[in-house]
Amino acid sequence: MSRYQEFFQGLRDMLPMLLGAMPFGIIYGSLAGAAGLDAWQTIGMSVLVFAGSAQFIAVSLLTGGATLAVLWLTTLVVNLRHALYSATLQPFVRHLPKRWRIPLAFWLTDEAFAVVQQRYAQRDDSPNKHWYFLGAGLAMYGNWIGCTLIGLLFGQAVPNLAAWGLDFAMIATFVGIVVPMLRNRPQVAAALVAAVVALIFHDLPYKLGLMAAAFAGIVIGVLLERVQAPLQEELC
């Protein structure tokens, strides 16, 4: 496909993810305003940080009077998962110049990764898949900023918006992201182990339970793949 076809296909394929992120962005805009951030600070965080979970945590910590060191450490731990996303996609984008790789890295969200990695997994020789990546990333970026603005403008008119359970849409979105990726036993086992570890270590400070879950899932997945590979060779 041409670069424009790839770009608009990325936009279209991201649409289901946008629906799941909308309530999350609106809630963030509402909470940030209620926490004392002014309009420019609230919008600026979405423009410059563009990380939903990190922004929620930052607002919560700022409200609780946490120091900047605690805020930075906590958000760093939460966002370390993006290093895994980057490592997965790096073989497909390493040939691109920095003027492409840097903005694509910034726009790499959970939802963008889920959509983009499926496009790169398709076995065709299109040289314009990075335009697909661009379209998907920009779609979520514009959606997030717009929903932040909606929450900021109208959130105060709706009492206790965060208690409405709208964040369930984001949970459903993440389930929709993960489940299609579980194609073999090591992947299923890795996901289940990560889920159990995340629950066990949920109360660790600075969201370290997330890193423990990710590490446990990776270890189990790698070990099972190494055990499974010789068995498959023997069967062949």
# chains A, B, ... in the order shown; residues from 1 in each chain; ligands from 1
>>> residues_around(residues="stretch 81-88 of chain A", least_positions_apart="3", cutoff="9 Å", atoms="only C-alpha atoms", output="ChimeraX atom specification")
/A:77-78,91-92,105,108-110,113,117,210-211,214
>>> atom_distance(atom1="atom CA of A:Leu208", atom2="atom CA of A:Leu71")
13.3 Å
>>> closest_residue(among="A:Ile218, A:Val70, A:Leu152, A:Leu18", to="A:Val193", atoms="only C-alpha atoms")
A:Ile218
